[in-house]
file entry-v4.csv (CSV, C-alpha atoms and all ligand atoms)
chain,number,residue,atom,x,y,z
I,17,MET,CA,84.9,107.5,-5.1
I,18,ASP,CA,88.6,107.6,-4.2
I,19,LEU,CA,91.4,109.8,-5.3
I,20,CYS,CA,92.6,107.3,-8.0
I,21,SER,CA,89.1,107.1,-9.6
I,22,LEU,CA,88.9,110.9,-9.5
I,23,ILE,CA,92.2,111.1,-11.3
I,24,ASP,CA,90.9,108.6,-14.0
I,25,ARG,CA,87.8,110.8,-14.4
I,26,PHE,CA,90.0,113.9,-14.8
I,27,HIS,CA,91.9,112.1,-17.6
I,28,GLU,CA,88.6,111.1,-19.3
I,29,ILE,CA,87.2,114.6,-19.2
I,30,TYR,CA,90.4,116.7,-19.9
I,31,GLY,CA,92.9,114.3,-21.3
I,32,PHE,CA,96.3,113.2,-20.0
I,33,GLY,CA,99.0,115.4,-18.5
I,34,GLU,CA,100.2,116.6,-15.1
I,35,ILE,CA,97.6,117.0,-12.3
I,36,ARG,CA,97.8,118.8,-9.0
I,37,LYS,CA,95.6,117.6,-6.1
I,38,PHE,CA,94.0,119.6,-3.4
I,39,PHE,CA,91.6,119.0,-0.4
I,40,SER,CA,89.4,121.4,1.5
I,41,PRO,CA,87.5,120.2,4.6
I,42,SER,CA,84.0,120.9,5.8
I,43,ARG,CA,83.4,122.2,9.3
I,44,VAL,CA,81.2,121.8,12.3
I,45,ASN,CA,80.7,124.2,15.1
I,46,LEU,CA,80.7,123.0,18.7
I,47,ILE,CA,79.0,126.1,20.1
I,48,GLY,CA,78.6,129.8,19.3
I,49,GLU,CA,75.9,130.0,16.8
I,50,HIS,CA,74.7,133.1,14.9
I,51,ILE,CA,77.2,135.3,16.7
I,52,ASP,CA,80.2,135.3,14.2
I,53,TYR,CA,78.5,138.2,12.4
I,54,ASN,CA,77.9,139.9,15.8
I,55,GLY,CA,81.6,140.0,16.7
I,56,GLY,CA,81.3,137.0,19.1
I,57,HIS,CA,83.3,133.9,19.9
I,58,VAL,CA,82.8,130.6,18.1
I,59,LEU,CA,84.3,127.1,18.6
I,60,PRO,CA,84.4,125.3,15.3
I,61,CYS,CA,86.6,122.6,13.8
I,62,ALA,CA,87.5,121.3,10.4
I,63,LEU,CA,86.4,117.8,9.5
I,64,GLU,CA,88.1,115.0,7.7
I,65,ILE,CA,85.3,115.0,5.0
I,66,GLY,CA,85.3,117.7,2.5
I,67,THR,CA,86.0,118.6,-1.2
I,68,TYR,CA,88.8,117.2,-3.4
I,69,GLY,CA,89.9,119.3,-6.4
I,70,LEU,CA,92.2,118.2,-9.3
I,71,VAL,CA,93.6,120.9,-11.5
I,72,ARG,CA,95.8,121.6,-14.5
I,73,LYS,CA,96.9,124.9,-16.0
I,74,ARG,CA,95.7,125.9,-19.5
I,75,ASP,CA,97.4,128.2,-22.0
I,76,ASP,CA,94.5,130.5,-22.3
I,77,ASN,CA,92.2,132.5,-20.0
I,78,ASN,CA,89.4,129.9,-19.9
I,79,ILE,CA,88.4,128.0,-16.7
I,80,ARG,CA,86.6,124.8,-17.2
I,81,LEU,CA,84.8,123.4,-14.1
I,82,ALA,CA,83.4,119.9,-13.7
I,83,SER,CA,82.1,118.1,-10.7
I,84,GLU,CA,81.5,114.5,-9.8
I,85,ASN,CA,78.6,115.6,-7.7
I,86,PHE,CA,76.7,117.6,-10.3
I,87,GLU,CA,76.0,117.0,-14.0
I,88,LEU,CA,76.5,120.6,-14.7
I,89,LYS,CA,79.8,121.7,-16.3
I,90,VAL,CA,80.6,125.3,-16.5
I,91,GLU,CA,83.1,127.1,-18.7
I,92,VAL,CA,84.1,130.7,-18.0
I,93,ASN,CA,86.6,133.2,-19.3
I,94,ILE,CA,88.4,135.1,-16.5
I,95,GLU,CA,87.6,138.4,-18.2
I,96,ASP,CA,83.9,137.7,-17.9
I,97,LEU,CA,82.8,136.6,-14.5
I,98,LYS,CA,79.2,137.4,-13.6
I,99,TYR,CA,76.8,135.5,-11.3
I,100,LYS,CA,74.4,133.5,-13.5
I,101,SER,CA,71.8,131.3,-11.8
I,102,GLN,CA,72.1,128.7,-14.6
I,103,ASP,CA,75.7,128.2,-13.6
I,104,GLY,CA,74.5,126.6,-10.3
I,105,TRP,CA,77.5,125.4,-8.2
I,106,GLY,CA,79.9,127.0,-10.7
I,107,ASN,CA,79.0,130.4,-9.2
I,108,TYR,CA,81.0,129.6,-6.0
I,109,PRO,CA,84.3,129.2,-7.9
I,110,LYS,CA,83.4,132.1,-10.1
I,111,GLY,CA,82.9,134.4,-7.1
I,112,VAL,CA,86.3,133.4,-5.7
I,113,ILE,CA,88.1,133.9,-9.1
I,114,TYR,CA,86.3,137.2,-9.5
I,115,PHE,CA,87.6,138.6,-6.2
I,116,MET,CA,91.1,137.2,-6.6
I,117,LYS,CA,91.3,138.9,-9.9
I,118,GLN,CA,89.9,142.1,-8.5
I,119,LYS,CA,92.5,142.2,-5.7
I,120,GLY,CA,95.2,141.9,-8.2
I,121,TYR,CA,96.3,138.3,-7.7
I,122,ARG,CA,97.8,136.4,-10.6
I,123,ILE,CA,95.5,134.0,-12.3
I,124,SER,CA,95.0,132.4,-15.7
I,125,GLY,CA,93.1,129.4,-17.4
I,126,MET,CA,92.7,126.0,-15.7
I,127,ASP,CA,90.8,122.8,-16.0
I,128,ILE,CA,89.3,121.8,-12.6
I,129,LEU,CA,87.5,118.6,-11.5
I,130,VAL,CA,86.0,118.6,-8.0
I,131,TRP,CA,84.3,115.9,-5.9
I,132,GLY,CA,83.0,116.3,-2.4
I,133,ASN,CA,82.0,113.7,0.2
I,134,ILE,CA,80.2,116.4,2.3
I,135,PRO,CA,76.4,115.7,2.1
I,136,ASN,CA,75.1,118.6,0.1
I,137,GLY,CA,72.7,120.9,1.9
I,138,ALA,CA,73.6,119.4,5.3
I,139,GLY,CA,74.8,122.7,6.7
I,140,LEU,CA,78.4,121.5,7.0
I,141,SER,CA,79.6,124.3,4.8
I,142,SER,CA,80.1,122.6,1.4
I,143,SER,CA,80.1,126.0,-0.2
I,144,ALA,CA,82.8,127.5,2.0
I,145,SER,CA,84.8,124.3,1.5
I,146,LEU,CA,84.6,124.7,-2.3
I,147,GLU,CA,85.5,128.4,-2.1
I,148,LEU,CA,88.6,127.8,0.0
I,149,LEU,CA,89.6,125.0,-2.4
I,150,ILE,CA,89.5,127.3,-5.4
I,151,ALA,CA,91.3,130.1,-3.5
I,152,GLU,CA,94.1,127.7,-2.4
I,153,ILE,CA,94.4,126.3,-6.0
I,154,ILE,CA,94.9,129.8,-7.4
I,155,ASN,CA,97.3,130.7,-4.5
I,156,SER,CA,99.4,127.6,-5.2
I,157,LEU,CA,99.3,127.5,-9.0
I,158,PHE,CA,99.8,131.2,-9.8
I,159,ASN,CA,101.0,133.0,-6.7
I,160,ASP,CA,103.7,130.7,-5.3
I,161,GLY,CA,101.5,130.0,-2.2
I,162,ARG,CA,102.4,133.5,-0.9
I,163,ILE,CA,98.9,134.9,-0.2
I,164,PRO,CA,98.4,134.9,3.6
I,165,LYS,CA,95.6,132.5,4.7
I,166,ILE,CA,93.7,135.3,6.4
I,167,ASP,CA,93.4,137.1,3.1
I,168,LEU,CA,92.1,134.0,1.4
I,169,ILE,CA,89.6,133.6,4.3
I,170,LYS,CA,88.3,137.2,4.0
I,171,LEU,CA,88.2,137.0,0.2
I,172,CYS,CA,86.1,133.8,0.3
I,173,GLN,CA,83.7,135.4,2.8
I,174,GLU,CA,83.5,138.4,0.5
I,175,ALA,CA,82.7,136.1,-2.5
I,176,GLU,CA,79.9,134.5,-0.5
I,177,ASN,CA,78.5,137.8,0.7
I,178,GLU,CA,78.8,139.8,-2.5
I,179,PHE,CA,78.8,137.3,-5.4
I,180,ILE,CA,76.4,134.7,-4.0
I,181,GLY,CA,74.4,137.1,-1.8
I,182,VAL,CA,74.5,135.2,1.5
I,183,ARG,CA,75.7,137.6,4.2
I,184,CYS,CA,77.5,134.9,6.2
I,185,GLY,CA,80.0,135.7,9.0
I,186,ILE,CA,83.6,134.6,8.9
I,187,MET,CA,83.4,131.4,10.9
I,188,ASP,CA,83.0,128.8,8.2
I,189,GLN,CA,85.8,130.1,6.0
I,190,PHE,CA,88.1,130.5,9.0
I,191,ALA,CA,87.6,127.0,10.4
I,192,ILE,CA,88.0,125.4,6.9
I,193,SER,CA,91.2,127.2,6.2
I,194,MET,CA,92.8,127.1,9.7
I,195,GLY,CA,91.6,123.7,10.9
I,196,LYS,CA,94.1,121.5,12.7
I,197,LYS,CA,93.9,117.8,13.5
I,198,ASP,CA,92.1,117.0,16.7
I,199,LYS,CA,91.7,120.7,17.6
I,200,VAL,CA,88.8,123.0,17.9
I,201,ILE,CA,89.4,126.7,17.3
I,202,LEU,CA,88.3,129.3,19.8
I,203,LEU,CA,87.9,132.3,17.5
I,204,ASP,CA,87.1,135.8,18.4
I,205,CYS,CA,85.3,136.9,15.3
I,206,SER,CA,85.8,140.6,16.0
I,207,SER,CA,89.6,140.7,16.5
I,208,LEU,CA,90.2,137.3,14.6
I,209,GLN,CA,92.5,136.2,17.5
I,210,PHE,CA,92.3,132.5,18.0
I,211,GLU,CA,93.6,129.6,19.9
I,212,TYR,CA,93.5,125.8,19.4
I,213,ILE,CA,92.1,123.6,22.0
I,214,ASP,CA,92.7,119.9,22.0
I,215,ILE,CA,89.5,118.0,21.8
I,216,ASN,CA,90.4,114.3,21.9
I,217,ILE,CA,92.3,114.4,25.2
I,218,ASN,CA,89.5,116.5,26.8
I,219,MET,CA,86.5,114.4,25.6
I,220,ASN,CA,86.8,111.8,28.4
I,221,ASP,CA,85.7,108.7,26.5
I,222,CYS,CA,83.2,110.6,24.5
I,223,ILE,CA,82.9,111.3,20.8
I,224,LEU,CA,81.2,113.8,18.6
I,225,VAL,CA,78.4,112.4,16.5
I,226,ILE,CA,77.1,114.5,13.6
I,227,MET,CA,73.5,114.0,12.9
I,228,ASN,CA,72.0,115.0,9.6
I,229,THR,CA,68.2,115.7,9.9
I,230,ASN,CA,68.1,115.3,6.1
I,231,LYS,CA,65.9,118.3,6.0
I,232,ARG,CA,67.8,120.3,3.4
I,233,ARG,CA,68.6,123.8,4.1
I,234,LYS,CA,69.6,126.4,1.6
I,235,LEU,CA,71.2,129.3,3.3
I,236,ASN,CA,70.2,131.9,0.7
I,237,GLU,CA,66.6,130.8,0.9
I,238,SER,CA,66.5,130.8,4.7
I,239,ARG,CA,65.8,133.6,7.1
I,240,TYR,CA,69.5,134.0,7.7
I,241,ASN,CA,69.7,137.5,6.2
I,242,GLU,CA,66.6,138.5,8.1
I,243,ARG,CA,68.3,137.6,11.4
I,244,ARG,CA,71.2,139.8,10.4
I,245,ASP,CA,68.9,142.7,9.8
I,246,GLU,CA,67.3,142.1,13.2
I,247,CYS,CA,70.7,142.2,14.9
I,248,LYS,CA,71.6,145.4,13.0
I,249,LYS,CA,68.3,147.0,14.2
I,250,ALA,CA,69.1,146.0,17.8
I,251,LEU,CA,72.7,147.4,17.5
I,252,ASN,CA,71.4,150.7,16.3
I,253,ILE,CA,69.1,151.0,19.3
I,254,ILE,CA,71.7,150.0,21.9
I,255,LYS,CA,74.3,152.3,20.3
I,256,ASN,CA,72.2,155.2,21.8
I,257,TYR,CA,73.1,154.0,25.2
I,258,LYS,CA,76.4,152.2,24.9
I,259,ASP,CA,79.5,152.9,22.8
I,260,ILE,CA,79.7,149.6,20.9
I,261,ASP,CA,80.4,148.4,17.3
I,262,ASN,CA,78.8,145.0,17.6
I,263,LEU,CA,76.3,143.2,19.9
I,264,CYS,CA,78.9,140.9,21.5
I,265,GLN,CA,80.7,143.9,23.0
I,266,ILE,CA,78.1,144.2,25.8
I,267,SER,CA,78.2,141.9,28.8
I,268,ILE,CA,75.2,140.1,30.1
I,269,GLU,CA,74.9,142.6,33.0
I,270,GLU,CA,75.1,145.6,30.6
I,271,TYR,CA,72.4,144.0,28.4
I,272,GLU,CA,70.1,143.4,31.3
I,273,GLU,CA,70.3,147.1,32.0
I,274,VAL,CA,69.8,148.3,28.5
I,275,GLU,CA,67.1,145.9,27.4
I,276,LYS,CA,64.3,148.3,28.6
I,277,HIS,CA,65.1,150.5,25.7
I,278,ILE,CA,64.2,147.9,23.2
I,279,PHE,CA,60.4,147.7,22.6
I,280,GLU,CA,60.0,144.9,20.1
I,281,ASP,CA,59.8,141.5,21.8
I,282,CYS,CA,61.3,139.7,18.8
I,283,ILE,CA,64.4,142.0,18.8
I,284,LYS,CA,64.9,141.5,22.6
I,285,LYS,CA,64.9,137.8,22.1
I,286,ARG,CA,67.5,138.0,19.3
I,287,VAL,CA,69.9,140.1,21.4
I,288,ARG,CA,69.4,137.9,24.5
I,289,HIS,CA,70.5,134.9,22.5
I,290,VAL,CA,73.5,136.7,21.1
I,291,VAL,CA,74.8,138.0,24.4
I,292,TYR,CA,74.3,134.8,26.4
I,293,GLU,CA,75.6,132.6,23.6
I,294,ASN,CA,78.8,134.5,23.5
I,295,GLN,CA,79.4,133.9,27.2
I,296,ARG,CA,78.4,130.2,26.8
I,297,VAL,CA,81.2,129.8,24.2
I,298,LEU,CA,83.8,131.1,26.7
I,299,ASN,CA,82.5,128.9,29.4
I,300,ALA,CA,82.5,125.9,27.1
I,301,ALA,CA,86.1,126.5,26.0
I,302,GLU,CA,87.1,126.7,29.7
I,303,ALA,CA,85.2,123.5,30.5
I,304,LEU,CA,86.8,121.7,27.6
I,305,LYS,CA,90.3,122.7,28.6
I,306,ASN,CA,89.5,121.4,32.1
I,307,GLY,CA,88.1,118.1,30.6
I,308,ASP,CA,84.7,118.9,32.2
I,309,ILE,CA,82.7,117.3,29.4
I,310,ASN,CA,79.5,117.3,31.4
I,311,ARG,CA,79.6,121.0,31.6
I,312,VAL,CA,80.3,121.3,27.9
I,313,GLY,CA,77.2,119.1,27.3
I,314,LYS,CA,75.0,121.3,29.5
I,315,LEU,CA,76.1,124.4,27.6
I,316,LEU,CA,75.3,122.7,24.3
I,317,VAL,CA,71.8,122.0,25.4
I,318,GLU,CA,71.4,125.7,26.7
I,319,SER,CA,72.6,126.8,23.3
I,320,HIS,CA,70.1,124.7,21.4
I,321,ASN,CA,67.2,125.9,23.6
I,322,SER,CA,68.2,129.5,23.0
I,323,LEU,CA,68.4,129.0,19.2
I,324,LYS,CA,65.0,127.4,19.4
I,325,ASP,CA,63.1,129.8,21.7
I,326,LEU,CA,65.0,133.1,21.3
I,327,TYR,CA,66.7,133.1,17.9
I,328,GLU,CA,64.1,130.9,16.3
I,329,VAL,CA,66.3,129.1,13.8
I,330,THR,CA,65.7,125.4,14.6
I,331,GLY,CA,62.4,123.9,13.3
I,332,ASN,CA,60.7,120.6,14.0
I,333,GLU,CA,63.4,118.3,12.5
I,334,LEU,CA,66.3,119.8,14.5
I,335,ASP,CA,64.3,120.0,17.7
I,336,THR,CA,63.2,116.4,17.3
I,337,ILE,CA,66.6,115.0,16.7
I,338,VAL,CA,68.0,116.9,19.7
I,339,GLU,CA,65.1,115.9,21.9
I,340,VAL,CA,65.4,112.2,21.1
I,341,SER,CA,69.2,112.4,21.4
I,342,LEU,CA,69.0,113.8,24.9
I,343,GLU,CA,66.6,110.9,26.0
I,344,GLN,CA,69.4,108.4,25.3
I,345,SER,CA,71.7,107.1,28.0
I,346,GLY,CA,75.3,108.0,27.3
I,347,CYS,CA,74.4,111.3,25.6
I,348,ILE,CA,76.1,114.1,27.3
I,349,GLY,CA,74.7,117.0,25.3
I,350,ALA,CA,73.3,117.9,21.9
I,351,ARG,CA,72.4,120.9,19.8
I,352,MET,CA,71.8,122.1,16.3
I,353,THR,CA,74.9,123.3,14.5
I,354,GLY,CA,75.5,125.8,11.7
I,355,GLY,CA,72.9,128.2,10.3
I,356,GLY,CA,69.8,126.1,11.3
I,357,PHE,CA,66.4,125.7,9.7
I,358,GLY,CA,67.4,122.1,8.9
I,359,GLY,CA,70.8,120.6,8.3
I,360,CYS,CA,72.8,119.0,11.1
I,361,ALA,CA,72.9,118.7,14.8
I,362,ILE,CA,75.7,117.3,17.0
I,363,ALA,CA,75.7,115.1,20.0
I,364,ILE,CA,78.5,114.3,22.5
I,365,VAL,CA,78.1,110.6,23.3
I,366,LYS,CA,79.9,108.1,25.5
I,367,ASN,CA,82.1,105.8,23.3
I,368,ASP,CA,80.4,102.6,24.6
I,369,SER,CA,76.9,104.0,23.9
I,370,VAL,CA,77.4,105.1,20.4
I,371,ASP,CA,76.0,102.1,18.5
I,372,ASN,CA,72.9,102.0,20.7
I,373,PHE,CA,72.5,105.8,20.4
I,374,ILE,CA,72.6,105.8,16.6
I,375,ASN,CA,70.1,103.0,16.5
I,376,LYS,CA,67.6,104.5,18.9
I,377,VAL,CA,67.8,108.1,17.6
I,378,GLY,CA,67.5,106.8,14.0
I,379,THR,CA,64.3,104.8,14.8
I,380,LEU,CA,62.7,107.5,17.0
I,381,TYR,CA,63.4,110.3,14.6
I,382,LYS,CA,62.0,108.3,11.7
I,383,ARG,CA,58.9,107.5,13.7
I,384,LYS,CA,58.3,111.2,14.4
I,385,ILE,CA,59.4,112.8,11.2
I,386,GLY,CA,58.7,110.2,8.6
I,387,TYR,CA,62.2,109.7,7.1
I,388,SER,CA,65.6,108.7,8.4
I,389,PRO,CA,68.4,110.8,9.6
I,390,GLU,CA,72.1,110.1,8.8
I,391,PHE,CA,75.0,109.9,11.3
I,392,TYR,CA,78.6,110.7,10.6
I,393,ILE,CA,81.5,110.0,12.9
I,394,THR,CA,84.4,111.7,11.2
I,395,GLY,CA,87.7,112.8,12.6
I,396,ILE,CA,88.7,116.4,13.1
I,397,GLY,CA,91.3,117.3,10.5
I,398,HIS,CA,93.6,119.9,8.9
I,399,GLY,CA,92.5,122.9,6.9
I,400,THR,CA,92.6,123.4,3.1
I,401,ARG,CA,95.8,122.1,1.5
I,402,GLU,CA,97.6,120.7,-1.5
I,403,LEU,CA,97.9,116.8,-1.4
I,404,PHE,CA,101.3,115.3,-2.4
I,501,LIG,C1,76.3,129.8,8.7
I,501,LIG,C2,77.2,131.0,8.3
I,501,LIG,C3,78.1,131.3,9.4
I,501,LIG,C4,77.4,131.4,10.8
I,501,LIG,C5,76.5,130.2,11.0
I,501,LIG,C6,75.7,130.4,12.3
I,501,LIG,O1,77.0,128.6,8.8
I,501,LIG,O2,77.8,130.7,7.1
I,501,LIG,O3,78.9,132.4,9.1
I,501,LIG,O4,76.8,132.6,10.9
I,501,LIG,O5,75.6,130.1,9.9
I,501,LIG,O6,76.5,130.4,13.4
call {"tool": "encode", "arguments": {"input": "entry-v4.csv", "output": "structure tokens"}}
result
Amino acid sequence: MDLCSLIDRFHEIYGFGEIRKFFSPSRVNLIGEHIDYNGGHVLPCALEIGTYGLVRKRDDNNIRLASENFELKVEVNIEDLKYKSQDGWGNYPKGVIYFMKQKGYRISGMDILVWGNIPNGAGLSSSASLELLIAEIINSLFNDGRIPKIDLIKLCQEAENEFIGVRCGIMDQFAISMGKKDKVILLDCSSLQFEYIDININMNDCILVIMNTNKRRKLNESRYNERRDECKKALNIIKNYKDIDNLCQISIEEYEEVEKHIFEDCIKKRVRHVVYENQRVLNAAEALKNGDINRVGKLLVESHNSLKDLYEVTGNELDTIVEVSLEQSGCIGARMTGGGFGGCAIAIVKNDSVDNFINKVGTLYKRKIGYSPEFYITGIGHGTRELF
């Protein structure tokens, strides 16, 4: 599907008239997993694939939502916005609309058609992409584009946390809104301070390959919220000995000293991952700035092993794809990315080895798992925006 065909579909569904066009990317995280909600550092970027949205204002308070990815059409009145499981994907826009209204932003009726080329359930944040798309549409159509991006980011996270019930951190929404072409974002999730780091120049003849295990993951069905509870438990114990607000405020040395006060092995493992992963992100950012791609690759592998053995969020499919990737010549590093339990992994691969890499990993993964993975080589792009 291209933008022209999407416009034709809009006309078919809603009739002729003026249309405004928006795009919101998906995201991938280079390193720093499961630490955004622990106040840690992350290194994500926005991708060139994402969600397109076409929209037209209406004269009433109804919002009609249609998608080219799902059969289901949803119609809601902005005075009556409740989570309903039968509204499926429509709950994401509804959640955003609900919170925008609650915060006093202007909003009235619209007809919306969306289409995404993000593989659904792949862990590339199709939900946050859709949330930011709707938030930007409301910002542009009814609020003269004056709402600061950071407020839209926080509001979309709130919608996901409170309306959908997934207690995600801020990484996805931040990366999707603030993405910049060819840059990764080093974000401190506790202060929200960030800096852009150029990725192309520093990749030294390597590219980022995204590998979809095709094992679908649904965040709200996974053990994501359970991990959050385990971290909270750990924080409450450590607070008796250190004056901290989040787990990433303790250094590796401080943690080694305080670990003896934690009795449950499982909780120890979780904190160990969090504390070391935070340091790995800072090291990776430094290495990337220095063009030391081999060091970045090593840190990616350490991150994966920690997510596998200590945080326990990988699973057979992600472990297999990373394992077979690392066996290939020209592969500098690989790891799962996103929430885990399925979804995508990433690999840094030498340009001249990419075709062979994809071939071999595809074959070996299929032999071991029984079905094929998919590979995406997509550029790193800008954040959510109106298209002119
Ligand atoms: C999901 C969440 C993010 C983050 C990652 C793990 O993508 O939405 O907030 O916690 O998992 O790093």
call {"tool": "residues_near_ligand", "arguments": {"input": "entry-v4.csv", "ligand": "ligand LIG 501 (chain I)", "cutoff": "6 Å", "atoms": "all atoms listed in the file", "output": "ChimeraX atom specification"}}
result
/I:49-52,184-188,354-355
call {"tool": "atom_distance", "arguments": {"input": "entry-v4.csv", "atom1": "CA of Gly125 in chain I", "atom2": "CA of Gln189 in chain I"}}
result
24.5 Å
call {"tool": "closest_residue", "arguments": {"input": "entry-v4.csv", "among": "I:Gly104, I:Gly66, I:Gly195, I:Gly132", "to": "Asn45 in chain I", "atoms": "all atoms listed in the file"}}
result
I:Gly195
call {"tool": "closest_residue", "arguments": {"input": "entry-v4.csv", "among": "I:Ala175, I:Ile309, I:Val377, I:Ile180", "to": "Leu224 in chain I", "atoms": "all atoms listed in the file"}}
result
I:Ile309
call {"tool": "atom_distance", "arguments": {"input": "entry-v4.csv", "atom1": "CA of Thr400 in chain I", "atom2": "CA of Ala191 in chain I"}}
result
9.6 Å
call {"tool": "atom_distance", "arguments": {"input": "entry-v4.csv", "atom1": "CA of Arg288 in chain I", "atom2": "CA of Tyr53 in chain I"}}
result
15.1 Å
call {"tool": "closest_residue", "arguments": {"input": "entry-v4.csv", "among": "I:Trp105, I:Tyr327, I:Phe279, I:Tyr392", "to": "Glu293 in chain I", "atoms": "all atoms listed in the file"}}
result
I:Tyr327
call {"tool": "residues_around", "arguments": {"input": "entry-v4.csv", "residues": "range 251-262 of chain I", "least_positions_apart": "4", "cutoff": "12 Å", "atoms": "all atoms listed in the file", "output": "PyMOL selection string"}}
result
chain I and resi 51-56+205-207+244-247+266-267+270-280+283-284+286-287+290-291
call {"tool": "closest_residue", "arguments": {"input": "entry-v4.csv", "among": "I:Val340, I:Ala363, I:Val130, I:Leu140", "to": "Val44 in chain I", "atoms": "only C-alpha atoms"}}
result
I:Leu140
call {"tool": "residues_around", "arguments": {"input": "entry-v4.csv", "residues": "Lys231 in chain I", "least_positions_apart": "2", "cutoff": "10 Å", "atoms": "all atoms listed in the file", "output": "number ranges by chain"}}
result
I: 137-139, 228-229, 233-234, 331-334, 357-360, 385, 387-389
call {"tool": "write_last_selection", "arguments": {"input": "entry-v4.csv", "atoms": "C-alpha atoms", "output": "compact mmCIF listing (two decimals), in the coordinates of the input"}}
result
# COMPACT_ATOMS: atom_id res chain seq x y z
CA GLY I 137 72.70 120.90 1.90
CA ALA I 138 73.60 119.40 5.30
CA GLY I 139 74.80 122.70 6.70
CA ASN I 228 72.00 115.00 9.60
CA THR I 229 68.20 115.70 9.90
CA ARG I 233 68.60 123.80 4.10
CA LYS I 234 69.60 126.40 1.60
CA GLY I 331 62.40 123.90 13.30
CA ASN I 332 60.70 120.60 14.00
CA GLU I 333 63.40 118.30 12.50
CA LEU I 334 66.30 119.80 14.50
CA PHE I 357 66.40 125.70 9.70
CA GLY I 358 67.40 122.10 8.90
CA GLY I 359 70.80 120.60 8.30
CA CYS I 360 72.80 119.00 11.10
CA ILE I 385 59.40 112.80 11.20
CA TYR I 387 62.20 109.70 7.10
CA SER I 388 65.60 108.70 8.40
CA PRO I 389 68.40 110.80 9.60
call {"tool": "closest_residue", "arguments": {"input": "entry-v4.csv", "among": "I:Thr353, I:Ser124, I:Ser143, I:Asn220", "to": "Phe158 in chain I", "atoms": "only C-alpha atoms"}}
result
I:Ser124
call {"tool": "residues_around", "arguments": {"input": "entry-v4.csv", "residues": "Ile128 in chain I", "least_positions_apart": "2", "cutoff": "8 Å", "atoms": "all atoms listed in the file", "output": "count of residues only"}}
result
10
call {"tool": "residues_around", "arguments": {"input": "entry-v4.csv", "residues": "Ala62 in chain I", "least_positions_apart": "3", "cutoff": "6 Å", "atoms": "all atoms listed in the file", "output": "list in words"}}
result
Pro41, Ser42, Arg43, Ala191, Ile192, Gly195, Ile396 and Gly397 of chain I
call {"tool": "closest_residue", "arguments": {"input": "entry-v4.csv", "among": "I:Glu28, I:Asp75, I:Asp127, I:Glu211", "to": "Cys61 in chain I", "atoms": "all atoms listed in the file"}}
result
I:Glu211
call {"tool": "residues_around", "arguments": {"input": "entry-v4.csv", "residues": "Cys172 in chain I", "least_positions_apart": "3", "cutoff": "12 Å", "atoms": "only C-alpha atoms", "output": "PyMOL selection string"}}
result
chain I and resi 108-116+143-152+165-169+175-180+182-190+192-193
call {"tool": "decode", "arguments": {"input": "entry-v4.csv", "residues": "range 149-160 of chain I", "atoms": "C-alpha atoms", "output": "short mmCIF file (atom, residue, chain, number, x, y, z; two decimals), in the first residue's frame"}}
result
data_model
loop_
_atom_site.label_atom_id
_atom_site.label_comp_id
_atom_site.auth_asym_id
_atom_site.auth_seq_id
_atom_site.Cartn_x
_atom_site.Cartn_y
_atom_site.Cartn_z
CA LEU I 149 0.14 9.51 15.63
CA ILE I 150 -3.23 10.26 17.21
CA ALA I 151 -1.71 12.70 19.71
CA GLU I 152 0.06 14.62 16.92
CA ILE I 153 -3.14 14.68 14.84
CA ILE I 154 -5.07 16.24 17.74
CA ASN I 155 -2.19 18.62 18.43
CA SER I 156 -2.11 19.82 14.81
CA LEU I 157 -5.82 19.86 14.01
CA PHE I 158 -7.22 21.41 17.16
CA ASN I 159 -4.33 22.93 19.16
CA ASP I 160 -2.26 24.75 16.49
#
